[in-house]
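Asks: Sharing run-v4.cif here; it has mmCIF, C-alpha atoms.
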data_work
#
loop_
_atom_site.group_PDB
_atom_site.id
_atom_site.type_symbol
_atom_site.label_atom_id
_atom_site.label_comp_id
_atom_site.auth_asym_id
_atom_site.auth_seq_id
_atom_site.Cartn_x
_atom_site.Cartn_y
_atom_site.Cartn_z
ATOM 1 C CA MET A 8 -32.245 5.339 -23.897
ATOM 2 C CA LYS A 9 -31.193 8.961 -24.324
ATOM 3 C CA LEU A 10 -29.201 10.484 -21.479
ATOM 4 C CA THR A 11 -30.450 13.772 -20.022
ATOM 5 C CA GLU A 12 -28.338 16.961 -20.129
ATOM 6 C CA GLU A 13 -27.736 16.631 -16.386
ATOM 7 C CA MET A 14 -26.485 13.084 -16.883
ATOM 8 C CA LYS A 15 -24.248 14.130 -19.738
ATOM 9 C CA ASP A 16 -22.713 16.808 -17.513
ATOM 10 C CA ALA A 17 -22.045 14.257 -14.786
ATOM 11 C CA LEU A 18 -20.567 11.821 -17.290
ATOM 12 C CA SER A 19 -17.559 13.884 -18.264
ATOM 13 C CA VAL A 20 -14.077 14.197 -16.798
ATOM 14 C CA ILE A 21 -13.974 15.443 -13.243
ATOM 15 C CA GLY A 22 -11.908 18.530 -14.134
ATOM 16 C CA GLY A 23 -14.681 19.522 -16.526
ATOM 17 C CA GLY A 24 -17.456 19.333 -13.937
ATOM 18 C CA GLY A 25 -18.068 15.619 -14.306
ATOM 19 C CA ALA A 26 -17.494 12.808 -11.884
ATOM 20 C CA VAL A 27 -15.285 9.823 -11.241
ATOM 21 C CA VAL A 28 -17.363 6.682 -11.762
ATOM 22 C CA HIS A 29 -17.112 3.063 -10.732
ATOM 23 C CA LEU A 30 -17.389 0.530 -13.541
ATOM 24 C CA THR A 31 -18.584 -2.926 -12.521
ATOM 25 C CA THR A 32 -18.206 -5.901 -14.843
ATOM 26 C CA CYS A 33 -18.217 -9.599 -14.074
ATOM 27 C CA SER A 34 -16.956 -12.868 -15.427
ATOM 28 C CA ALA A 35 -19.433 -15.101 -17.246
ATOM 29 C CA ASP A 36 -19.839 -17.149 -14.060
ATOM 30 C CA GLY A 37 -20.546 -14.031 -11.999
ATOM 31 C CA LYS A 38 -17.383 -12.862 -10.231
ATOM 32 C CA PRO A 39 -17.726 -9.064 -10.044
ATOM 33 C CA ASN A 40 -15.009 -6.446 -10.566
ATOM 34 C CA THR A 41 -15.553 -2.832 -9.497
ATOM 35 C CA VAL A 42 -12.987 -0.159 -10.406
ATOM 36 C CA ALA A 43 -12.910 3.626 -10.474
ATOM 37 C CA GLU A 44 -12.605 5.297 -13.864
ATOM 38 C CA ARG A 45 -11.517 8.898 -14.318
ATOM 39 C CA PHE A 46 -11.811 9.541 -18.054
ATOM 40 C CA VAL A 47 -15.483 9.441 -18.902
ATOM 41 C CA GLY A 48 -17.541 10.881 -21.763
ATOM 42 C CA VAL A 49 -20.747 10.494 -23.760
ATOM 43 C CA PHE A 50 -21.128 9.369 -27.380
ATOM 44 C CA LYS A 51 -24.253 10.254 -29.365
ATOM 45 C CA ASP A 52 -26.430 10.795 -26.262
ATOM 46 C CA GLU A 53 -26.963 7.058 -25.719
ATOM 47 C CA TYR A 54 -23.552 5.644 -24.931
ATOM 48 C CA ILE A 55 -21.094 6.175 -22.084
ATOM 49 C CA VAL A 56 -17.434 5.979 -23.072
ATOM 50 C CA ILE A 57 -14.414 5.475 -20.829
ATOM 51 C CA ALA A 58 -10.737 5.555 -21.809
ATOM 52 C CA ASP A 59 -9.383 2.018 -21.660
ATOM 53 C CA MET A 60 -6.070 2.506 -19.960
ATOM 54 C CA PHE A 61 -5.151 -1.160 -19.875
ATOM 55 C CA ALA A 62 -7.962 -2.276 -17.607
ATOM 56 C CA GLN A 63 -6.972 -5.914 -17.312
ATOM 57 C CA LYS A 64 -9.795 -7.650 -15.501
ATOM 58 C CA THR A 65 -12.425 -5.402 -17.059
ATOM 59 C CA ARG A 66 -11.230 -6.455 -20.482
ATOM 60 C CA ALA A 67 -11.187 -10.151 -19.635
ATOM 61 C CA ASN A 68 -14.712 -9.877 -18.235
ATOM 62 C CA LEU A 69 -16.148 -7.906 -21.159
ATOM 63 C CA LEU A 70 -14.698 -10.365 -23.665
ATOM 64 C CA GLU A 71 -16.755 -13.174 -22.126
ATOM 65 C CA ASN A 72 -19.664 -11.228 -20.632
ATOM 66 C CA PRO A 73 -20.353 -7.908 -22.378
ATOM 67 C CA ILE A 74 -22.435 -6.087 -19.773
ATOM 68 C CA GLY A 75 -21.600 -3.471 -17.157
ATOM 69 C CA VAL A 76 -22.874 -1.069 -14.516
ATOM 70 C CA ILE A 77 -21.556 2.486 -14.143
ATOM 71 C CA THR A 78 -22.188 4.304 -10.839
ATOM 72 C CA ILE A 79 -21.382 7.938 -10.086
ATOM 73 C CA ALA A 80 -18.704 7.951 -7.366
ATOM 74 C CA HIS A 81 -17.369 11.460 -6.743
ATOM 75 C CA PRO A 82 -18.556 14.131 -6.513
ATOM 76 C CA VAL A 83 -22.058 12.706 -6.224
ATOM 77 C CA LYS A 84 -24.044 15.940 -5.690
ATOM 78 C CA GLY A 85 -27.341 14.071 -5.603
ATOM 79 C CA ARG A 86 -26.551 12.283 -8.868
ATOM 80 C CA THR A 87 -27.149 8.840 -7.390
ATOM 81 C CA TRP A 88 -27.356 7.042 -10.695
ATOM 82 C CA ALA A 89 -26.466 3.530 -11.806
ATOM 83 C CA PHE A 90 -26.390 2.967 -15.567
ATOM 84 C CA ARG A 91 -26.577 -0.569 -16.898
ATOM 85 C CA GLY A 92 -26.313 -1.984 -20.381
ATOM 86 C CA PRO A 93 -24.288 -3.922 -22.923
ATOM 87 C CA THR A 94 -20.627 -2.924 -22.689
ATOM 88 C CA THR A 95 -17.547 -3.686 -24.744
ATOM 89 C CA ILE A 96 -14.071 -2.406 -25.544
ATOM 90 C CA MET A 97 -13.274 -0.965 -28.963
ATOM 91 C CA GLN A 98 -9.736 -0.563 -30.172
ATOM 92 C CA GLU A 99 -7.829 0.131 -33.354
ATOM 93 C CA GLY A 100 -7.675 -2.858 -35.657
ATOM 94 C CA LEU A 101 -11.343 -3.762 -35.538
ATOM 95 C CA PRO A 102 -13.017 -4.119 -38.948
ATOM 96 C CA GLU A 103 -14.085 -0.728 -40.424
ATOM 97 C CA ASP A 104 -17.755 -1.530 -40.075
ATOM 98 C CA TYR A 105 -17.594 -3.171 -36.626
ATOM 99 C CA GLU A 106 -20.690 -2.163 -34.735
ATOM 100 C CA PHE A 107 -21.830 -2.681 -31.135
ATOM 101 C CA HIS A 108 -25.483 -1.983 -30.416
ATOM 102 C CA GLY A 109 -25.575 0.705 -33.074
ATOM 103 C CA ALA A 110 -22.217 2.338 -32.320
ATOM 104 C CA VAL A 111 -19.696 2.077 -35.156
ATOM 105 C CA ALA A 112 -16.165 1.472 -33.854
ATOM 106 C CA LYS A 113 -14.575 3.748 -36.454
ATOM 107 C CA GLU A 114 -16.718 6.708 -35.327
ATOM 108 C CA VAL A 115 -16.245 6.009 -31.637
ATOM 109 C CA LEU A 116 -12.480 5.738 -31.987
ATOM 110 C CA GLU A 117 -12.297 8.870 -34.151
ATOM 111 C CA GLU A 118 -14.083 10.835 -31.447
ATOM 112 C CA TRP A 119 -12.688 9.228 -28.289
ATOM 113 C CA GLY A 120 -9.665 7.166 -29.345
ATOM 114 C CA ASN A 121 -7.204 9.869 -28.288
ATOM 115 C CA TRP A 122 -8.282 11.286 -24.948
ATOM 116 C CA ALA A 123 -4.941 13.024 -24.367
ATOM 117 C CA GLU A 124 -5.650 15.188 -27.402
ATOM 118 C CA LYS A 125 -9.401 15.659 -26.925
ATOM 119 C CA GLU A 126 -9.307 16.384 -23.204
ATOM 120 C CA PRO A 127 -5.670 16.913 -22.239
ATOM 121 C CA PRO A 128 -4.662 15.623 -18.819
ATOM 122 C CA SER A 129 -3.715 19.226 -17.943
ATOM 123 C CA GLU A 130 -7.466 19.773 -17.606
ATOM 124 C CA VAL A 131 -7.581 17.055 -14.978
ATOM 125 C CA PRO A 132 -6.631 17.956 -11.395
ATOM 126 C CA PRO A 133 -3.014 16.929 -10.785
ATOM 127 C CA ASP A 134 -3.856 14.616 -7.909
ATOM 128 C CA ILE A 135 -5.959 12.352 -10.075
ATOM 129 C CA LYS A 136 -3.887 12.644 -13.223
ATOM 130 C CA PRO A 137 -2.268 9.325 -14.066
ATOM 131 C CA PRO A 138 1.528 9.464 -14.439
ATOM 132 C CA LYS A 139 1.140 9.003 -18.176
ATOM 133 C CA LEU A 140 -2.027 8.870 -20.215
ATOM 134 C CA VAL A 141 -1.633 5.684 -22.221
ATOM 135 C CA GLN A 142 -4.852 4.667 -23.902
ATOM 136 C CA ARG A 143 -5.477 1.287 -25.498
ATOM 137 C CA GLY A 144 -9.025 1.787 -26.670
ATOM 138 C CA VAL A 145 -12.478 2.865 -25.589
ATOM 139 C CA ILE A 146 -14.808 1.077 -23.191
ATOM 140 C CA ILE A 147 -18.338 1.753 -24.429
ATOM 141 C CA MET A 148 -21.721 1.089 -22.806
ATOM 142 C CA LYS A 149 -25.071 1.313 -24.584
ATOM 143 C CA VAL A 150 -27.183 2.625 -21.733
ATOM 144 C CA GLU A 151 -30.344 0.566 -21.509
ATOM 145 C CA GLU A 152 -31.479 1.507 -18.041
ATOM 146 C CA CYS A 153 -30.728 3.888 -15.231
ATOM 147 C CA TYR A 154 -31.720 3.167 -11.651
ATOM 148 C CA SER A 155 -31.222 5.133 -8.453
ATOM 149 C CA TYR A 156 -28.701 3.885 -5.913
ATOM 150 C CA LYS A 157 -29.961 6.268 -3.238
ATOM 151 C CA PRO A 158 -30.218 3.906 -0.245
ATOM 152 C CA GLU A 159 -33.897 4.434 0.543
ATOM 153 C CA GLU A 160 -35.009 4.057 -3.072
ATOM 154 C CA ALA A 161 -32.279 1.707 -4.344
ATOM 155 C CA GLY A 162 -33.249 0.119 -7.648
ATOM 156 C CA LYS A 163 -35.958 2.659 -8.498
ATOM 157 C CA LYS A 164 -36.063 3.323 -12.215
ATOM 158 C CA VAL A 165 -34.773 6.804 -13.124
ATOM 159 C CA LEU A 166 -35.031 6.523 -16.913
ATOM 160 C CA MET B 152 -6.014 -14.666 4.381
ATOM 161 C CA ALA B 153 -6.348 -10.995 3.524
ATOM 162 C CA LYS B 154 -5.651 -8.432 6.223
ATOM 163 C CA LEU B 155 -6.881 -4.882 5.787
ATOM 164 C CA THR B 156 -4.507 -2.082 6.768
ATOM 165 C CA PRO B 157 -5.580 0.833 8.987
ATOM 166 C CA ARG B 158 -5.675 3.070 5.896
ATOM 167 C CA MET B 159 -7.993 0.681 4.043
ATOM 168 C CA ARG B 160 -10.161 0.396 7.127
ATOM 169 C CA ASN B 161 -10.399 4.166 7.593
ATOM 170 C CA TRP B 162 -11.486 4.782 4.014
ATOM 171 C CA LEU B 163 -14.062 1.984 4.023
ATOM 172 C CA GLU B 164 -15.479 2.985 7.391
ATOM 173 C CA GLY B 165 -15.506 6.688 6.533
ATOM 174 C CA LEU B 166 -16.990 6.674 3.043
ATOM 175 C CA GLY B 167 -18.298 3.176 2.397
ATOM 176 C CA ALA B 168 -18.198 1.438 -0.962
ATOM 177 C CA HIS B 169 -19.824 0.669 -4.262
ATOM 178 C CA ILE B 170 -20.713 -2.998 -3.904
ATOM 179 C CA GLY B 171 -20.719 -5.053 -7.088
ATOM 180 C CA THR B 172 -22.896 -8.172 -7.047
ATOM 181 C CA ALA B 173 -24.057 -10.472 -9.848
ATOM 182 C CA THR B 174 -26.288 -13.399 -10.647
ATOM 183 C CA LYS B 175 -24.428 -16.665 -11.122
ATOM 184 C CA LYS B 176 -24.822 -16.110 -14.853
ATOM 185 C CA GLY B 177 -23.062 -12.751 -14.623
ATOM 186 C CA PHE B 178 -25.806 -10.112 -14.659
ATOM 187 C CA PRO B 179 -24.492 -7.291 -12.433
ATOM 188 C CA THR B 180 -26.252 -5.074 -9.873
ATOM 189 C CA VAL B 181 -24.484 -2.429 -7.815
ATOM 190 C CA ILE B 182 -25.552 -0.829 -4.558
ATOM 191 C CA VAL B 183 -23.790 2.043 -2.792
ATOM 192 C CA VAL B 184 -23.432 2.339 0.966
ATOM 193 C CA ASP B 185 -21.761 5.420 2.445
ATOM 194 C CA LYS B 186 -20.196 3.877 5.532
ATOM 195 C CA ALA B 187 -19.073 0.513 6.875
ATOM 196 C CA LYS B 188 -17.683 -1.179 9.930
ATOM 197 C CA VAL B 189 -14.545 -3.276 9.714
ATOM 198 C CA GLU B 190 -14.153 -6.086 12.240
ATOM 199 C CA GLY B 191 -11.109 -8.264 12.750
ATOM 200 C CA ASP B 192 -8.640 -8.551 9.886
ATOM 201 C CA ASN B 193 -10.979 -8.806 6.942
ATOM 202 C CA ILE B 194 -14.669 -8.560 7.816
ATOM 203 C CA VAL B 195 -16.546 -5.555 6.424
ATOM 204 C CA LYS B 196 -20.131 -4.955 7.510
ATOM 205 C CA PHE B 197 -22.597 -2.717 5.719
ATOM 206 C CA GLN B 198 -25.973 -1.669 7.058
ATOM 207 C CA LEU B 199 -28.477 -1.824 4.186
ATOM 208 C CA THR B 200 -31.917 -0.306 3.715
ATOM 209 C CA ASP B 201 -34.857 -2.592 2.903
ATOM 210 C CA ALA B 202 -34.695 -1.415 -0.715
ATOM 211 C CA GLN B 203 -31.016 -2.377 -0.955
ATOM 212 C CA VAL B 204 -31.636 -5.799 0.577
ATOM 213 C CA GLN B 205 -34.450 -6.321 -1.905
ATOM 214 C CA GLN B 206 -32.192 -5.339 -4.783
ATOM 215 C CA ILE B 207 -29.320 -7.743 -4.096
ATOM 216 C CA LYS B 208 -30.812 -10.543 -1.961
ATOM 217 C CA GLN B 209 -31.303 -12.962 -4.815
ATOM 218 C CA ASN B 210 -27.810 -12.312 -6.166
ATOM 219 C CA ILE B 211 -26.111 -12.867 -2.797
ATOM 220 C CA GLU B 212 -28.087 -16.054 -2.192
ATOM 221 C CA GLU B 213 -27.179 -17.622 -5.516
ATOM 222 C CA ASN B 214 -23.705 -16.069 -5.868
ATOM 223 C CA PRO B 215 -22.014 -14.675 -2.728
ATOM 224 C CA ARG B 216 -19.051 -13.127 -4.534
ATOM 225 C CA VAL B 217 -18.851 -9.337 -4.318
ATOM 226 C CA ALA B 218 -16.409 -6.554 -5.249
ATOM 227 C CA LEU B 219 -15.981 -3.359 -3.233
ATOM 228 C CA GLY B 220 -14.748 -0.060 -4.690
ATOM 229 C CA PRO B 221 -14.278 2.715 -2.107
ATOM 230 C CA GLY B 222 -17.001 5.365 -2.257
ATOM 231 C CA GLY B 223 -16.944 9.165 -2.560
ATOM 232 C CA LEU B 224 -13.491 10.691 -2.452
ATOM 233 C CA GLY B 225 -12.205 7.181 -1.809
ATOM 234 C CA SER B 226 -12.816 6.424 -5.487
ATOM 235 C CA ILE B 227 -9.900 8.757 -6.175
ATOM 236 C CA ARG B 228 -7.671 8.605 -3.125
ATOM 237 C CA ALA B 229 -8.234 5.062 -1.904
ATOM 238 C CA ALA B 230 -7.364 3.213 -5.093
ATOM 239 C CA TYR B 231 -8.140 -0.272 -3.839
ATOM 240 C CA GLN B 232 -10.508 -3.000 -4.811
ATOM 241 C CA PHE B 233 -11.624 -5.607 -2.293
ATOM 242 C CA LYS B 234 -13.139 -8.924 -3.328
ATOM 243 C CA GLY B 235 -14.740 -11.509 -1.151
ATOM 244 C CA ASN B 236 -17.789 -13.501 -0.182
ATOM 245 C CA ALA B 237 -20.880 -11.936 1.320
ATOM 246 C CA ARG B 238 -23.906 -13.022 3.279
ATOM 247 C CA LEU B 239 -26.948 -11.198 4.567
ATOM 248 C CA GLU B 240 -27.951 -11.300 8.222
ATOM 249 C CA GLY B 241 -31.137 -9.298 8.361
ATOM 250 C CA ASN B 242 -30.209 -5.913 6.889
ATOM 251 C CA THR B 243 -26.481 -6.358 7.498
ATOM 252 C CA LEU B 244 -24.299 -7.356 4.569
ATOM 253 C CA ILE B 245 -21.238 -9.142 5.910
ATOM 254 C CA VAL B 246 -18.307 -9.356 3.523
ATOM 255 C CA GLU B 247 -15.307 -11.557 4.156
ATOM 256 C CA VAL B 248 -12.536 -9.990 2.086
ATOM 257 C CA ASN B 249 -10.118 -12.463 0.536
ATOM 258 C CA GLU B 250 -8.488 -10.464 -2.262
ATOM 259 C CA ILE B 251 -7.138 -6.893 -2.230
ATOM 260 C CA TYR B 252 -5.946 -5.082 -5.352
ATOM 261 C CA CYS B 253 -4.317 -1.728 -6.041
ATOM 262 C CA THR B 254 -6.287 0.192 -8.683
ATOM 263 C CA LYS B 255 -4.071 3.268 -8.879
ATOM 264 C CA PRO B 256 -4.022 4.265 -12.553
ATOM 265 C CA GLY B 257 -0.788 3.439 -14.325
ATOM 266 C CA PRO B 258 1.726 0.648 -14.082
ATOM 267 C CA GLU B 259 0.483 -0.678 -10.745
ATOM 268 C CA ALA B 260 -3.210 -0.936 -11.658
ATOM 269 C CA GLY B 261 -4.384 -4.422 -10.828
ATOM 270 C CA LEU B 262 -1.449 -5.245 -8.541
ATOM 271 C CA ARG B 263 -2.595 -7.802 -5.982
ATOM 272 C CA LEU B 264 -1.718 -6.646 -2.486
ATOM 273 C CA ASP B 265 -3.037 -9.339 -0.152
ATOM 274 C CA VAL B 266 -0.428 -11.825 -1.360
ATOM 275 C CA LEU B 267 2.365 -9.582 -0.060
ATOM 276 C CA PRO B 268 3.633 -9.830 3.520
ATOM 277 C CA TYR B 269 1.609 -7.427 5.684
ATOM 278 C CA GLU B 270 4.663 -5.237 6.368
ATOM 279 C CA SER B 271 5.204 -4.889 2.622
ATOM 280 C CA ILE B 272 1.623 -3.719 2.102
ATOM 281 C CA LEU B 273 2.136 -1.038 4.764
ATOM 282 C CA LYS B 274 5.364 0.016 3.106
ATOM 283 C CA PHE B 275 3.676 0.094 -0.314
ATOM 284 C CA GLU B 276 0.943 2.350 1.044
ATOM 285 C CA SER B 277 3.322 4.697 2.815
ATOM 286 C CA THR B 278 5.242 5.316 -0.388
ATOM 287 C CA ARG B 279 2.127 5.896 -2.547
ATOM 288 C CA TRP B 280 -0.182 7.897 -0.305
ATOM 289 C CA ARG B 281 0.262 10.407 2.479
ATOM 290 C CA ASP B 282 -3.119 10.240 4.156
ATOM 291 C CA GLN B 283 -4.343 7.572 6.539
ATOM 292 C CA GLY B 284 -7.986 7.980 5.613
ATOM 293 C CA PRO B 285 -10.591 10.489 4.452
ATOM 294 C CA PRO B 286 -10.378 14.115 5.626
ATOM 295 C CA LYS B 287 -12.302 14.699 8.851
#
Represent the structure of the file as structure tokens.
Replies:
Amino acid sequence: MKLTEEMKDALSVIGGGGAVVHLTTCSADGKPNTVAERFVGVFKDEYIVIADMFAQKTRANLLENPIGVITIAHPVKGRTWAFRGPTTIMQEGLPEDYEFHGAVAKEVLEEWGNWAEKEPPSEVPPDIKPPKLVQRGVIIMKVEECYSYKPEEAGKKVL
Amino acid sequence: MAKLTPRMRNWLEGLGAHIGTATKKGFPTVIVVDKAKVEGDNIVKFQLTDAQVQQIKQNIEENPRVALGPGGLGSIRAAYQFKGNARLEGNTLIVEVNEIYCTKPGPEAGLRLDVLPYESILKFESTRWRDQGPPK
């Protein structure tokens, strides 16, 4: 599924006009985990990437159950979207040709493996800037569906 | 048993939450509700639309575990995650919170708060945040 331009704008760091999102993952037996993520981007129009800054439970969940939901949290501005699809974490040390639903780890990490350099924290408002940007890898979702979370039409297919 | 602080309560009541649910085999669905009502120490009630009930009913029936991430500006300023068990009574989703985590980015991300003495949670909050809830 290709993301629209409007979606790509929303899925970038908040200082750059994008939004903070919530990422929901769950254990293989269904215990959910929902956490806000501030460093968000798009890879090749079909994948959402998030800086993995030592997300502990998210990592444990994705290792046993590689699927997630990303919801736009703030500012929403009518962008009431929930993206769902296979999700994993890529980090240095994976085999050169490691691929996840068409995304090659080497390419993903080259583009998004160093957020501090690509989108320096100085671009992020000081009140949401983490004390130190320490990145372990990249959380990546292949977007397979997008539904609306607007209360009156919750679950309605957007794309 | 978890006990929500006034700050947690104010953020949840003011701006609601993103509510993570899943099938018992771990297929997630999230709904978003923009306000809530907190009752007692750890009960959070959300009023859902018919569409929202439809979307999560099956999940809640087969797997009552849910995760709450504060909505709107709360996703930035109220860096908490609440976990608990939920049930539906008509269009009301009733969540009994039994785990509370700090999700502030950095060294304290994932710190479990509900296991601390209540006074220590209040002290933790007062040294990390200045507000007591969302701006009016």
Asks: Applied to the shown file, which residues does the PyMOL selection byres ((chain B) within 8 of (chain A)) return, written as an MDAnalysis selection string?
Replies: chainID B and resid 169:184 199:203 206 214 216:220 222:224 226:227 230 232 234 254 256:257 260:261
Asks: As a check of understanding, name the residues that the PyMOL selection byres ((chain A and resi 98-100) around 12) selects in the supplied structure, as a ChimeraX atom specification.
Replies: /A:58-61,66,95-97,101-106,111-117,119-121,142-147
Asks: Expanded to explicit residues, what is the PyMOL selection byres ((chain B and resi 190) around 12) for this file, as a VMD selection string?
Replies: chain B and resid 154 to 157 160 to 161 163 to 164 187 to 189 191 to 197 245 to 248
Asks: What does the distance between CA of Ala153 (chain B) and CA of Cys253 (chain B) come to in Å, to one decimal place?
Replies: 13.5 Å
Asks: Go ahead and compute the interatomic distance for CA of Pro286 (chain B) and CA of Pro268 (chain B), in Å to one decimal.
Replies: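 Separation of CA of Pro286 (chain B) and CA of Pro268 (chain B): 27.8 Å.
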Asks: What separation in Å, quoted to one decimal, exists between CA of Phe275 (chain B) and CA of Pro258 (chain B)?
Replies: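 Computing it gives 13.9 Å between the two atoms.
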Asks: Just checking: using only C-alpha atoms, which residue out of B:Ala229, B:Gln209, B:Pro221, B:Val266 ends up closest to Trp280 (chain B)?
Replies: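 Residue with the minimum atom-to-atom distance to Trp280 (chain B): B:Ala229.
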